[in-house]
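Visitor: Contents are compact mmCIF, C-alpha atoms; file name my_file_16.txt:
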```txt
# COMPACT_ATOMS: atom_id res chain seq x y z
CA MET A 1 -11.82 -49.12 -18.25
CA SER A 2 -13.06 -45.51 -18.23
CA GLY A 3 -9.52 -44.44 -19.12
CA LEU A 4 -9.68 -46.50 -22.30
CA ILE A 5 -13.12 -45.14 -23.14
CA ILE A 6 -11.98 -41.54 -22.61
CA LEU A 7 -8.93 -42.26 -24.75
CA THR A 8 -10.92 -43.53 -27.71
CA LYS A 9 -13.86 -41.15 -27.41
CA TYR A 10 -12.07 -37.89 -26.60
CA SER A 11 -8.30 -38.00 -26.24
CA ILE A 12 -7.37 -39.41 -29.65
CA PRO A 13 -9.66 -37.15 -31.72
CA ALA A 14 -8.72 -34.14 -29.56
CA SER A 15 -5.06 -34.94 -30.18
CA LEU A 16 -5.67 -34.97 -33.96
CA ILE A 17 -7.31 -31.54 -33.76
CA SER A 18 -4.57 -30.19 -31.51
CA PHE A 19 -1.85 -31.58 -33.76
CA VAL A 20 -3.17 -29.59 -36.71
CA LEU A 21 -4.25 -26.41 -34.94
CA PHE A 22 -1.53 -25.89 -32.34
CA THR A 23 2.05 -26.43 -33.27
CA ILE A 24 5.51 -24.95 -33.01
CA LYS A 25 7.12 -23.24 -35.99
CA THR A 26 10.88 -23.66 -35.86
CA VAL A 27 13.07 -21.27 -37.81
CA THR A 28 16.50 -22.80 -38.32
CA SER A 29 19.09 -20.37 -39.61
CA TYR A 30 22.74 -20.47 -40.44
CA ASN A 31 24.12 -17.08 -41.42
CA ASP A 32 22.14 -15.91 -44.43
CA GLU A 33 20.17 -19.11 -45.00
CA SER A 34 17.19 -20.43 -43.12
CA MET A 35 14.39 -22.95 -43.22
CA ILE A 36 11.03 -23.28 -41.50
CA SER A 37 9.68 -26.50 -40.06
CA TYR A 38 6.65 -27.43 -38.00
CA GLY A 39 5.94 -29.85 -35.18
CA PHE A 40 6.02 -30.31 -31.42
CA PRO A 41 8.03 -31.50 -29.56
CA LEU A 42 10.06 -32.38 -32.67
CA SER A 43 9.86 -30.77 -36.09
CA CYS A 44 8.19 -33.31 -38.34
CA TYR A 45 7.42 -31.52 -41.59
CA ALA A 46 8.87 -28.64 -43.56
CA PRO A 47 8.27 -26.89 -46.88
CA SER A 48 10.78 -28.23 -49.37
CA ASN A 49 13.38 -26.15 -51.15
CA VAL A 50 13.13 -28.46 -54.13
CA SER A 51 9.69 -27.85 -55.56
CA SER A 52 6.51 -25.79 -55.28
CA MET A 53 4.20 -26.92 -52.49
CA ALA A 54 6.43 -29.93 -51.76
CA TYR A 55 7.09 -30.99 -48.18
CA ASP A 56 9.76 -32.98 -46.41
CA ILE A 57 8.26 -35.28 -43.79
CA ALA A 58 10.24 -36.90 -40.97
CA ILE A 59 8.54 -40.16 -40.04
CA ALA A 60 10.00 -40.85 -36.57
CA PRO A 61 9.40 -37.30 -35.23
CA LEU A 62 5.88 -37.45 -36.69
CA ILE A 63 5.13 -40.61 -34.69
CA ILE A 64 6.70 -39.13 -31.55
CA ASP A 65 4.67 -35.93 -31.98
CA MET A 66 1.42 -37.85 -32.43
CA ILE A 67 2.11 -39.93 -29.32
CA SER A 68 3.00 -36.79 -27.34
CA TYR A 69 -0.19 -34.99 -28.38
CA THR A 70 -2.24 -38.07 -27.48
CA LEU A 71 -0.62 -38.35 -24.02
CA ILE A 72 -1.12 -34.65 -23.27
CA CYS A 73 -4.74 -34.71 -24.46
CA HIS A 74 -5.43 -37.91 -22.53
CA PHE A 75 -3.93 -36.45 -19.36
CA ILE A 76 -6.15 -33.39 -19.69
CA ALA A 77 -9.26 -35.37 -20.70
CA PHE A 78 -8.82 -38.02 -18.00
CA PHE A 79 -8.71 -35.49 -15.20
CA SER A 80 -11.21 -33.01 -16.58
CA THR A 81 -13.99 -35.12 -18.11
CA PRO A 82 -16.85 -35.74 -15.68
CA LYS A 83 -17.27 -39.52 -15.47
CA LYS A 84 -21.05 -39.34 -15.74
CA ILE A 85 -21.02 -37.75 -19.23
CA VAL A 86 -18.64 -40.32 -20.71
CA SER A 87 -21.39 -42.77 -21.45
CA ASN A 88 -24.42 -40.50 -21.81
CA ARG A 89 -25.86 -39.05 -25.01
CA CYS A 90 -24.20 -35.67 -24.64
CA GLY A 91 -20.81 -37.35 -24.27
CA ASN A 92 -21.42 -39.41 -27.39
CA ILE A 93 -22.34 -36.33 -29.45
CA VAL A 94 -19.20 -34.51 -28.30
CA SER A 95 -17.16 -37.57 -29.26
CA VAL A 96 -18.71 -37.73 -32.73
CA PHE A 97 -17.92 -34.05 -33.36
CA LEU A 98 -14.40 -34.47 -32.08
CA TRP A 99 -13.79 -37.43 -34.39
CA LEU A 100 -15.33 -35.62 -37.37
CA GLY A 101 -13.25 -32.52 -36.71
CA GLY A 102 -10.07 -34.46 -36.05
CA LEU A 103 -10.33 -36.67 -39.11
CA SER A 104 -11.26 -33.72 -41.35
CA LEU A 105 -8.32 -31.62 -40.21
CA ILE A 106 -5.87 -34.51 -40.49
CA ALA A 107 -7.21 -35.38 -43.93
CA PHE A 108 -6.79 -31.77 -45.08
CA THR A 109 -3.27 -31.49 -43.69
CA ALA A 110 -2.25 -34.85 -45.14
CA THR A 111 -3.66 -33.78 -48.50
CA ALA A 112 -1.87 -30.44 -48.38
CA ILE A 113 1.55 -31.88 -47.60
CA SER A 114 1.26 -34.69 -50.11
CA PHE A 115 2.43 -32.66 -53.15
CA SER A 116 5.49 -34.69 -54.14
CA PRO A 117 6.36 -35.49 -50.50
CA HIS A 118 9.86 -36.54 -49.52
CA PHE A 119 10.13 -38.81 -46.51
CA VAL A 120 13.12 -38.97 -44.21
CA LEU A 121 13.45 -41.04 -41.05
CA TRP A 122 14.73 -38.41 -38.63
CA GLU A 123 16.28 -35.13 -39.69
CA LEU A 124 14.62 -32.42 -41.74
CA ASP A 125 17.49 -29.97 -41.58
CA SER A 126 20.71 -31.97 -41.77
CA TYR A 127 22.20 -29.27 -44.04
CA PHE A 128 22.14 -26.72 -41.21
CA GLY A 129 23.78 -28.95 -38.59
CA ASP A 130 24.02 -28.50 -34.83
CA GLU A 131 25.60 -25.05 -35.03
CA ALA A 132 22.52 -23.49 -36.61
CA LYS A 133 20.41 -21.08 -34.56
CA ARG A 134 16.88 -22.19 -33.87
CA SER A 135 13.96 -20.05 -32.77
CA TYR A 136 10.61 -21.46 -31.75
CA ILE A 137 7.30 -19.70 -32.30
CA PHE A 138 3.83 -20.87 -31.32
CA HIS A 139 1.86 -21.40 -34.53
CA LEU A 140 -1.90 -21.50 -34.88
CA GLY A 141 -3.34 -23.46 -37.80
CA PRO A 142 -1.84 -25.94 -40.25
CA GLY A 143 1.85 -25.35 -40.79
CA MET A 144 1.99 -24.20 -44.37
CA SER A 145 3.63 -21.32 -46.06
CA LEU A 146 0.54 -19.23 -46.78
CA MET B 1 19.13 -15.29 -85.50
CA THR B 2 19.28 -17.70 -82.59
CA GLN B 3 20.27 -21.31 -83.27
CA PHE B 4 18.97 -24.10 -81.08
CA SER B 5 20.33 -27.61 -80.82
CA HIS B 6 18.94 -30.46 -78.77
CA SER B 7 20.96 -33.27 -77.21
CA SER B 8 20.53 -35.53 -74.21
CA ILE B 9 22.46 -37.43 -71.57
CA GLY B 10 20.20 -40.34 -70.70
CA ASN B 11 16.92 -38.76 -69.60
CA THR B 12 18.41 -35.29 -69.26
CA HIS B 13 17.58 -32.99 -72.16
CA ILE B 14 20.02 -30.23 -73.03
CA ILE B 15 19.19 -27.43 -75.43
CA ALA B 16 21.98 -25.11 -76.48
CA CYS B 17 20.95 -21.64 -77.67
CA THR B 18 23.48 -19.50 -79.50
CA GLY B 19 23.36 -16.25 -81.41
CA GLY B 20 21.66 -13.50 -79.45
CA VAL B 21 19.18 -15.57 -77.51
CA GLN B 22 16.44 -13.57 -75.82
CA MET B 23 14.83 -14.65 -72.54
CA ILE B 24 11.14 -13.83 -72.10
CA MET B 25 9.07 -14.21 -68.95
CA LEU B 26 5.69 -15.75 -69.61
CA VAL B 27 2.99 -15.35 -66.96
CA ARG B 28 -0.33 -17.16 -67.08
CA ARG B 29 -3.20 -14.70 -66.60
CA THR B 30 -6.21 -16.83 -67.41
CA LYS B 31 -7.79 -20.03 -66.12
CA GLU B 32 -6.04 -22.67 -68.20
CA TYR B 33 -3.66 -25.56 -67.72
CA PHE B 34 0.01 -24.61 -67.54
CA THR B 35 0.78 -26.73 -70.59
CA ASP B 36 -2.04 -25.11 -72.61
CA PHE B 37 -0.74 -21.71 -71.58
CA ILE B 38 2.80 -22.59 -72.68
CA LYS B 39 1.60 -23.84 -76.07
CA ARG B 40 -0.37 -20.66 -76.61
CA ALA B 41 2.34 -18.31 -75.32
CA ALA B 42 5.03 -20.02 -77.41
CA VAL B 43 3.11 -19.22 -80.56
CA GLU B 44 2.13 -15.74 -79.39
CA HIS B 45 5.72 -14.75 -78.50
CA ASP B 46 7.39 -16.85 -81.17
CA VAL B 47 9.60 -18.68 -78.68
CA LYS B 48 11.29 -21.97 -79.47
CA VAL B 49 12.05 -23.22 -75.94
CA VAL B 50 9.93 -22.86 -72.80
CA VAL B 51 10.60 -24.20 -69.31
CA ASN B 52 8.83 -23.87 -65.98
CA GLY B 53 9.95 -20.96 -63.84
CA SER B 54 9.21 -19.79 -60.31
CA PHE B 55 8.26 -21.71 -57.22
CA THR B 56 4.56 -21.15 -56.53
CA ASP B 57 2.58 -20.93 -53.30
CA LEU B 58 -1.11 -21.62 -52.77
CA SER B 59 -3.68 -20.54 -50.20
CA TYR B 60 -5.51 -23.19 -48.12
CA GLY B 61 -8.55 -23.00 -50.38
CA ALA B 62 -6.47 -23.34 -53.52
CA ILE B 63 -4.64 -26.35 -52.05
CA ALA B 64 -7.96 -28.12 -51.55
CA ALA B 65 -9.13 -27.18 -55.05
CA VAL B 66 -5.97 -28.56 -56.64
CA ARG B 67 -5.82 -31.75 -54.61
CA LEU B 68 -9.49 -32.61 -54.82
CA GLY B 69 -10.28 -31.36 -58.33
CA ASN B 70 -8.69 -31.54 -61.73
CA LYS B 71 -9.48 -28.14 -63.18
CA PRO B 72 -6.92 -25.35 -63.59
CA LEU B 73 -6.87 -22.59 -60.99
CA GLU B 74 -7.47 -18.96 -61.79
CA ALA B 75 -4.03 -17.41 -62.25
CA ASN B 76 -4.55 -15.06 -59.29
CA GLU B 77 -5.03 -18.03 -56.94
CA SER B 78 -1.34 -18.91 -57.32
CA THR B 79 1.44 -16.80 -55.85
CA PRO B 80 4.81 -17.02 -57.61
CA ILE B 81 7.76 -16.78 -55.20
CA GLY B 82 10.43 -14.43 -56.47
CA GLN B 83 10.04 -11.41 -58.65
CA VAL B 84 9.37 -11.86 -62.35
CA ILE B 85 10.59 -8.89 -64.39
CA GLN B 86 10.07 -8.19 -68.05
CA ASP B 87 11.25 -5.06 -69.88
CA GLY B 88 12.13 -3.40 -66.60
CA LYS B 89 8.71 -3.96 -65.07
CA LEU B 90 7.64 -6.27 -62.28
CA ILE B 91 5.01 -8.46 -63.92
CA ALA B 92 4.47 -11.13 -61.23
CA GLY B 93 5.77 -12.66 -58.02
CA THR B 94 6.84 -11.60 -54.57
CA SER B 95 10.18 -10.51 -53.22
CA SER B 96 12.49 -13.36 -52.17
CA PRO B 97 15.62 -11.74 -50.77
CA GLY B 98 17.10 -14.98 -49.38
CA LYS B 99 17.04 -16.72 -52.74
CA TYR B 100 18.67 -16.00 -56.08
CA SER B 101 17.66 -14.50 -59.40
CA PHE B 102 18.66 -15.14 -62.99
CA SER B 103 18.52 -12.18 -65.31
CA GLN B 104 19.33 -11.05 -68.78
CA ILE B 105 21.23 -7.88 -68.03
CA SER B 106 20.25 -4.78 -69.82
CA GLY B 107 19.61 -1.24 -68.69
CA PRO B 108 19.78 1.40 -71.42
CA TYR B 109 23.29 0.31 -72.44
CA ALA B 110 22.59 -3.40 -72.39
CA TYR B 111 19.38 -3.07 -74.39
CA THR B 112 21.70 -2.07 -77.20
CA LYS B 113 24.03 -4.91 -76.34
CA THR B 114 21.22 -7.44 -76.56
CA MET B 115 20.09 -5.99 -79.86
CA CYS B 116 23.64 -6.46 -81.12
CA GLY B 117 23.57 -10.09 -80.04
CA ILE B 118 25.99 -9.62 -77.14
CA ASP B 119 23.65 -11.15 -74.60
CA GLN B 120 24.66 -11.16 -70.96
CA PHE B 121 23.05 -13.38 -68.36
CA SER B 122 23.85 -13.22 -64.67
CA VAL B 123 22.86 -14.62 -61.30
CA GLN B 124 22.70 -12.63 -58.10
CA MET B 125 21.40 -13.06 -54.58
CA GLY B 126 18.00 -11.49 -53.99
CA ASN B 127 15.66 -10.00 -56.52
CA GLY B 128 16.77 -9.41 -60.08
CA PRO B 129 17.69 -5.84 -61.01
CA MET B 130 14.76 -3.90 -62.40
CA ALA B 131 16.93 -2.56 -65.21
CA THR B 132 16.93 -5.84 -67.05
CA THR B 133 15.34 -7.19 -70.15
CA SER B 134 14.01 -10.05 -68.06
CA ALA B 135 14.65 -11.67 -64.70
CA ILE B 136 13.27 -14.43 -62.53
CA GLY B 137 13.76 -14.60 -58.75
CA GLY B 138 13.36 -17.28 -56.08
CA VAL B 139 15.66 -19.77 -57.77
CA ALA B 140 18.61 -21.86 -56.53
CA PRO B 141 22.22 -21.15 -57.52
CA ILE B 142 24.44 -23.66 -59.33
CA ILE B 143 27.26 -21.38 -60.52
CA ILE B 144 27.65 -17.64 -59.98
CA ASP B 145 30.38 -15.76 -61.84
CA GLY B 146 32.29 -19.00 -62.21
CA LEU B 147 32.02 -20.03 -58.54
CA PRO B 148 30.28 -23.40 -58.17
CA TYR B 149 27.70 -23.87 -55.41
CA GLY B 150 27.28 -27.05 -53.37
CA GLU B 151 26.58 -28.55 -49.96
CA ASN B 152 29.59 -27.02 -48.21
CA ASN B 153 32.04 -24.19 -48.54
CA LEU B 154 35.29 -25.54 -49.96
CA TYR B 155 38.60 -23.73 -49.91
CA SER B 156 41.88 -24.03 -51.74
CA ALA B 157 45.10 -24.92 -49.91
CA GLY B 158 46.42 -22.18 -47.68
CA ALA B 159 43.07 -20.90 -46.44
CA PRO B 160 43.38 -19.38 -42.93
CA ASN B 161 42.00 -21.32 -39.98
CA GLY B 162 38.41 -20.62 -39.05
CA ALA B 163 36.95 -20.56 -42.54
CA PRO B 164 33.24 -21.35 -42.15
CA PRO B 165 32.10 -24.73 -43.52
CA LYS B 166 28.73 -23.27 -44.55
CA GLY B 167 27.03 -19.94 -45.00
CA GLU B 168 28.47 -16.48 -45.50
CA VAL B 169 32.23 -16.19 -46.00
CA ASP B 170 34.28 -13.26 -44.66
CA SER B 171 36.37 -11.32 -47.11
CA LYS B 172 39.60 -12.77 -45.65
CA PHE B 173 38.49 -16.27 -46.73
CA LYS B 174 36.85 -15.36 -50.03
CA TYR B 175 40.09 -15.47 -52.00
CA PHE B 176 40.42 -19.17 -51.09
CA LEU B 177 36.79 -20.11 -51.68
CA THR B 178 36.38 -22.73 -54.43
CA GLN B 179 32.77 -23.73 -53.69
CA LYS B 180 30.02 -21.89 -51.84
CA SER B 181 27.38 -23.69 -49.77
CA ASN B 182 23.67 -23.29 -50.39
CA ALA B 183 20.67 -24.88 -48.69
CA MET B 184 18.49 -24.99 -51.81
CA TYR B 185 21.23 -26.64 -53.85
CA SER B 186 21.82 -29.10 -51.01
CA ALA B 187 18.11 -29.98 -50.88
CA ILE B 188 18.02 -30.70 -54.63
CA LEU B 189 21.22 -32.75 -54.37
CA SER B 190 19.77 -34.80 -51.50
CA ARG B 191 16.91 -35.91 -53.77
CA GLY B 192 19.36 -37.72 -56.07
CA GLY B 193 19.26 -38.30 -59.79
CA ALA B 194 15.63 -39.29 -60.17
CA VAL B 195 14.06 -36.02 -59.04
CA GLY B 196 12.84 -33.76 -61.85
CA LYS B 197 15.06 -30.79 -62.60
CA THR B 198 15.06 -27.67 -64.70
CA ALA B 199 18.22 -25.58 -64.93
CA ILE B 200 19.47 -22.70 -67.03
CA GLY B 201 23.12 -21.82 -67.50
CA TYR B 202 25.02 -19.31 -69.60
CA SER B 203 28.56 -19.45 -70.88
CA SER B 204 29.91 -15.97 -71.54
CA SER B 205 32.98 -17.31 -73.30
CA GLU B 206 30.93 -19.52 -75.63
CA ARG B 207 28.04 -17.05 -75.81
CA THR B 208 25.74 -20.00 -75.35
CA LEU B 209 22.75 -20.44 -73.10
CA PHE B 210 21.98 -23.99 -72.01
CA VAL B 211 18.53 -25.14 -70.96
CA VAL B 212 18.60 -28.44 -69.07
CA SER B 213 15.57 -30.42 -68.00
CA GLN B 214 14.79 -33.88 -66.77
CA ALA B 215 11.42 -35.46 -66.00
CA ASP B 216 10.54 -36.34 -62.42
CA GLY B 217 11.00 -40.02 -61.60
CA ALA B 218 13.32 -40.73 -64.51
CA PRO B 219 16.85 -41.73 -63.53
CA GLY B 220 19.30 -39.05 -64.53
CA LEU B 221 21.98 -36.67 -63.38
CA ASP B 222 21.89 -35.45 -59.79
CA ALA B 223 22.56 -31.80 -58.94
CA ASN B 224 26.32 -32.35 -58.93
CA GLY B 225 26.06 -34.05 -62.33
CA ILE B 226 24.16 -31.08 -63.78
CA ARG B 227 26.74 -28.73 -62.29
CA ALA B 228 29.65 -30.78 -63.68
CA ASN B 229 28.02 -30.72 -67.10
CA PHE B 230 27.68 -26.95 -66.94
CA ILE B 231 31.30 -26.55 -65.83
CA ALA B 232 32.42 -28.76 -68.73
CA LYS B 233 30.52 -26.41 -71.06
CA ARG B 234 32.30 -23.42 -69.49
CA VAL B 235 29.06 -22.08 -68.03
CA ASN B 236 29.77 -19.27 -65.58
CA ASN B 237 26.22 -18.51 -64.36
CA ALA B 238 23.55 -21.12 -63.76
CA VAL B 239 20.47 -21.74 -61.62
CA PHE B 240 17.90 -24.40 -60.84
CA MET B 241 14.28 -23.45 -61.37
CA ASP B 242 11.35 -25.10 -59.57
CA CYS B 243 12.21 -28.82 -59.64
CA SER B 244 10.60 -32.23 -58.95
CA ASP B 245 7.31 -32.70 -60.81
CA SER B 246 7.21 -29.01 -61.75
CA ALA B 247 9.84 -29.73 -64.42
CA THR B 248 8.47 -28.79 -67.85
CA LEU B 249 10.21 -28.54 -71.20
CA TYR B 250 8.62 -27.40 -74.43
CA TYR B 251 10.84 -27.42 -77.47
CA ASP B 252 10.14 -26.76 -81.12
CA GLY B 253 6.38 -27.11 -80.87
CA LYS B 254 6.08 -30.08 -78.56
CA PHE B 255 6.48 -31.05 -74.95
CA LEU B 256 9.53 -33.16 -74.11
CA ILE B 257 8.61 -33.02 -70.40
CA LYS B 258 5.22 -32.26 -68.88
CA PRO B 259 4.59 -31.25 -65.26
CA GLY B 260 2.68 -33.43 -62.79
CA ASP B 261 -1.12 -33.22 -63.02
CA ASP B 262 -1.50 -31.08 -59.90
CA LYS B 263 1.28 -28.72 -60.93
CA ASN B 264 -0.31 -28.36 -64.34
CA GLU B 265 -3.35 -26.90 -62.58
CA PHE B 266 -1.58 -24.10 -60.70
CA LEU B 267 1.88 -23.21 -62.05
CA THR B 268 1.88 -19.73 -63.58
CA VAL B 269 5.38 -18.63 -64.55
CA ALA B 270 7.32 -20.00 -67.50
CA VAL B 271 10.53 -18.86 -69.15
CA GLY B 272 10.78 -18.73 -72.92
CA PHE B 273 13.78 -18.36 -75.22
CA LYS B 274 13.87 -17.17 -78.78
```
Take the structure in this file and express it as structure tokens.
Guide:
Amino acid sequence: MSGLIILTKYSIPASLISFVLFTIKTVTSYNDESMISYGFPLSCYAPSNVSSMAYDIAIAPLIIDMISYTLICHFIAFFSTPKKIVSNRCGNIVSVFLWLGGLSLIAFTATAISFSPHFVLWELDSYFGDEAKRSYIFHLGPGMSL
Amino acid sequence: MTQFSHSSIGNTHIIACTGGVQMIMLVRRTKEYFTDFIKRAAVEHDVKVVVNGSFTDLSYGAIAAVRLGNKPLEANESTPIGQVIQDGKLIAGTSSPGKYSFSQISGPYAYTKTMCGIDQFSVQMGNGPMATTSAIGGVAPIIIDGLPYGENNLYSAGAPNGAPPKGEVDSKFKYFLTQKSNAMYSAILSRGGAVGKTAIGYSSSERTLFVVSQADGAPGLDANGIRANFIAKRVNNAVFMDCSDSATLYYDGKFLIKPGDDKNEFLTVAVGFK
């Protein structure tokens, strides 16, 4: 029961915050051409080459990423949250701030990548293929070009 | 005196410009809607045709202002991608070496050429040369010096083994190359016929510049269709500008295509022809 409470009060909002603030920037390059995408463990959104401020969004990797962040955050929260604060006032205040922060950051990111978005099921970079070189860089903050 | 003629294929507008057409870069400097700026600049510079130009980036704050409000941004809150050159001077934009540029060639010799009506337009990788009448960078190639661009590298019969299917091509394969791959072109192609498009192409043999534009969401030609149309018109240099709902076309005093509401708040670079 406490696992479910920790999940809803801390793990899910913490995963929303983490999803926005801590990600992996993947640079996929093939000879002289390259693209940048964001997401962990799978790249789930990328600035589009079609239009200003447009993004390509991969739905399945996005779901997998969200589940992964939630599992990681829940693992950390479950083993690090003192059981006695889960139901006390301090724990409730922390939860409220986490939810406010998480929802705000997700709302901002969703707003920012919703300029003429283009949804794909899986692959963001099918043009580059398996032979492309990929480098992975830890990225702090929402994955956007500026 | 430049002559302009308008035609269309379905929802795709095509404007042919002949007779010493001059390309002018128009950069918004004040807080006004992109469409208001174009209307004003068209009168100010006496241009007949105006289309949208560069891709544009925004800061986090500007993103929120555009998405949550409906007022135009200050011009300095938008960052055009790719250098915008007018009369040999950089007037806006940032360097974009991995993309392409479309320029009206000049330099001291070509200034004279342009004045004589022998206009020369070209496409090259990277930033446009400074010694041009005008140039816009950060755009996607369609045809360069007669070589069509597409999803993959294609070769004529007899090409040696090992020719790369995408990307840079070694000199030993270049002779056989009939189509060059490009990621930006491929991305536009993948969005099909209904995505908004703006393209410019020039036929040296016909001495005609073609401006092609199609509204976002309207069924029309896909990237290959635009390219085929250019090839049929003997265009030897052509590029796509910022596409999707950035597509804008102003012709003869009125808008045939307007950009999306958000884009209208922050786009800054337009290309005029007179």
Visitor: Please check the contacts: residues of chain B at most 8 Å away from chain A, using all atoms listed in the file, listed as a count of residues only.
Guide: 26
Visitor: Quick one, how far is CA of Gly150 (chain B) from CA of Phe176 (chain B)?
Guide: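 According to the coordinates, CA of Gly150 (chain B) and CA of Phe176 (chain B) are separated by 15.5 Å.
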Visitor: Applying 8 Å and only C-alpha atoms, which residues near Ala58 (chain A) remain after dropping the ones on its own chain fewer than 6 positions away? List them as a compact mmCIF listing (two decimals) with C-alpha atoms, in the frame of the given file.
Guide:
```txt
# COMPACT_ATOMS: atom_id res chain seq x y z
CA SER A 43 9.86 -30.77 -36.09
CA CYS A 44 8.19 -33.31 -38.34
CA TYR A 45 7.42 -31.52 -41.59
CA PHE A 119 10.13 -38.81 -46.51
CA VAL A 120 13.12 -38.97 -44.21
CA LEU A 121 13.45 -41.04 -41.05
CA TRP A 122 14.73 -38.41 -38.63
CA GLU A 123 16.28 -35.13 -39.69
CA LEU A 124 14.62 -32.42 -41.74
```
Visitor: Could you work out how far CA of Val20 (chain A) lies from CA of Gly141 (chain A), giving the answer in Å with one decimal?
Guide: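 Atom-to-atom, CA of Gly141 (chain A) to CA of Val20 (chain A), that is 6.2 Å.
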Visitor: Using Å and a single decimal, report how far CA of Tyr33 (chain B) sits from CA of Gly69 (chain B).
Guide: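 Between CA of Gly69 (chain B) and CA of Tyr33 (chain B) the gap works out to 12.9 Å.
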Visitor: Using all atoms listed in the file, pick whichever of B:Ala42, B:Met23, B:Ile142, B:Leu177 has the shortest atom-to-atom distance to Ala228 (chain B).
Guide: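 Between B:Ala42, B:Met23, B:Ile142, B:Leu177, the residue approaching Ala228 (chain B) most closely is B:Ile142.
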Visitor: Rank B:Ser190, B:Asn76, B:Ser204, B:Thr12 by their smallest atom-to-atom distance to Ile144 (chain B), using all atoms listed in the file, and report the top residue only.
Guide: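 Nearest to Ile144 (chain B): B:Ser204.
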Visitor: Tell me which of A:Gly143, A:Pro117, A:Pro13, A:Pro82 sits closest to Met66 (chain A), counting only C-alpha atoms.
Guide: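 Residue with the minimum atom-to-atom distance to Met66 (chain A): A:Pro13.
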Visitor: Could you name the residues that touch Asp216 (chain B) at 10 Å or less, counting only C-alpha atoms, but leaving out those on the same chain fewer than 2 positions away, as JSON, numbers by chain?
Guide: {"A": [116], "B": [11, 193, 194, 195, 196, 197, 213, 214, 218, 219, 220, 243, 244, 245, 246, 247, 248, 257, 258, 259, 260]}
Visitor: Can you pull out the residues contacting region 133-141 of chain B? Cut-off 9 Å, using only C-alpha atoms, and skip same-chain residues under 6 positions away; I want them as a compact mmCIF listing (two decimals) with C-alpha atoms, in the coordinates of the input.
Guide:
```txt
# COMPACT_ATOMS: atom_id res chain seq x y z
CA ASN A 49 13.38 -26.15 -51.15
CA VAL A 50 13.13 -28.46 -54.13
CA GLN B 22 16.44 -13.57 -75.82
CA MET B 23 14.83 -14.65 -72.54
CA ILE B 24 11.14 -13.83 -72.10
CA MET B 25 9.07 -14.21 -68.95
CA GLY B 53 9.95 -20.96 -63.84
CA SER B 54 9.21 -19.79 -60.31
CA PHE B 55 8.26 -21.71 -57.22
CA PRO B 80 4.81 -17.02 -57.61
CA ILE B 81 7.76 -16.78 -55.20
CA GLY B 82 10.43 -14.43 -56.47
CA GLN B 83 10.04 -11.41 -58.65
CA VAL B 84 9.37 -11.86 -62.35
CA ILE B 85 10.59 -8.89 -64.39
CA GLN B 86 10.07 -8.19 -68.05
CA ASP B 87 11.25 -5.06 -69.88
CA GLY B 88 12.13 -3.40 -66.60
CA LYS B 89 8.71 -3.96 -65.07
CA GLY B 93 5.77 -12.66 -58.02
CA THR B 94 6.84 -11.60 -54.57
CA SER B 95 10.18 -10.51 -53.22
CA SER B 96 12.49 -13.36 -52.17
CA PRO B 97 15.62 -11.74 -50.77
CA GLY B 98 17.10 -14.98 -49.38
CA LYS B 99 17.04 -16.72 -52.74
CA TYR B 100 18.67 -16.00 -56.08
CA SER B 101 17.66 -14.50 -59.40
CA PHE B 102 18.66 -15.14 -62.99
CA SER B 103 18.52 -12.18 -65.31
CA GLN B 104 19.33 -11.05 -68.78
CA ILE B 105 21.23 -7.88 -68.03
CA SER B 106 20.25 -4.78 -69.82
CA GLY B 107 19.61 -1.24 -68.69
CA ALA B 110 22.59 -3.40 -72.39
CA TYR B 111 19.38 -3.07 -74.39
CA THR B 114 21.22 -7.44 -76.56
CA VAL B 123 22.86 -14.62 -61.30
CA GLN B 124 22.70 -12.63 -58.10
CA MET B 125 21.40 -13.06 -54.58
CA GLY B 126 18.00 -11.49 -53.99
CA ASN B 127 15.66 -10.00 -56.52
CA PRO B 148 30.28 -23.40 -58.17
CA TYR B 149 27.70 -23.87 -55.41
CA GLY B 150 27.28 -27.05 -53.37
CA ASN B 182 23.67 -23.29 -50.39
CA ALA B 183 20.67 -24.88 -48.69
CA MET B 184 18.49 -24.99 -51.81
CA TYR B 185 21.23 -26.64 -53.85
CA ASN B 237 26.22 -18.51 -64.36
CA ALA B 238 23.55 -21.12 -63.76
CA VAL B 239 20.47 -21.74 -61.62
CA PHE B 240 17.90 -24.40 -60.84
CA MET B 241 14.28 -23.45 -61.37
CA ASP B 242 11.35 -25.10 -59.57
CA VAL B 271 10.53 -18.86 -69.15
```
Visitor: Which residues, written as a ChimeraX atom specification, have at least one atom at most 8 Å from Leu140 (chain A), with all atoms listed in the file counted and residues fewer than 4 positions away on the same chain left out?
Guide: /A:21-23
Visitor: Just want the 10 Å neighbourhood of Ala163 (chain B), counted on all atoms listed in the file, with same-chain residues fewer than 6 positions away dropped. Output as number ranges by chain.
Guide: B: 153-155, 169-170, 172-174, 176-177
Visitor: Pick out the closest residue to Ala92 (chain B) from this set: B:Val50, B:Leu68, B:Ala215, B:Leu26. Count only C-alpha atoms.
Guide: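 Using only C-alpha atoms, Ala92 (chain B) sits closest to B:Leu26.
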Visitor: Using all atoms listed in the file - which residues lie no farther than 6 Å from the point (18.0, -23.1, -66.5) in the file's frame? Write them as a list in words.
Guide: Thr198, Ala199, Ile200, Gly201, Val211, Val212, Val239 and Phe240 of chain B
Visitor: Which one of A:Asn92, A:Asp130, A:Ala110, A:Lys83 sits closest to Ser2 (chain A) if you count only C-alpha atoms?
Guide: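 Among the listed residues, the smallest separation from Ser2 (chain A) belongs to A:Lys83.
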Visitor: In terms of the shortest atom-to-atom distance over only C-alpha atoms, which of B:Leu189, B:Pro165, B:Ser78, B:Gly128 is closest to Gly225 (chain B)?
Guide: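 Of all the options, B:Leu189 lies closest to Gly225 (chain B).
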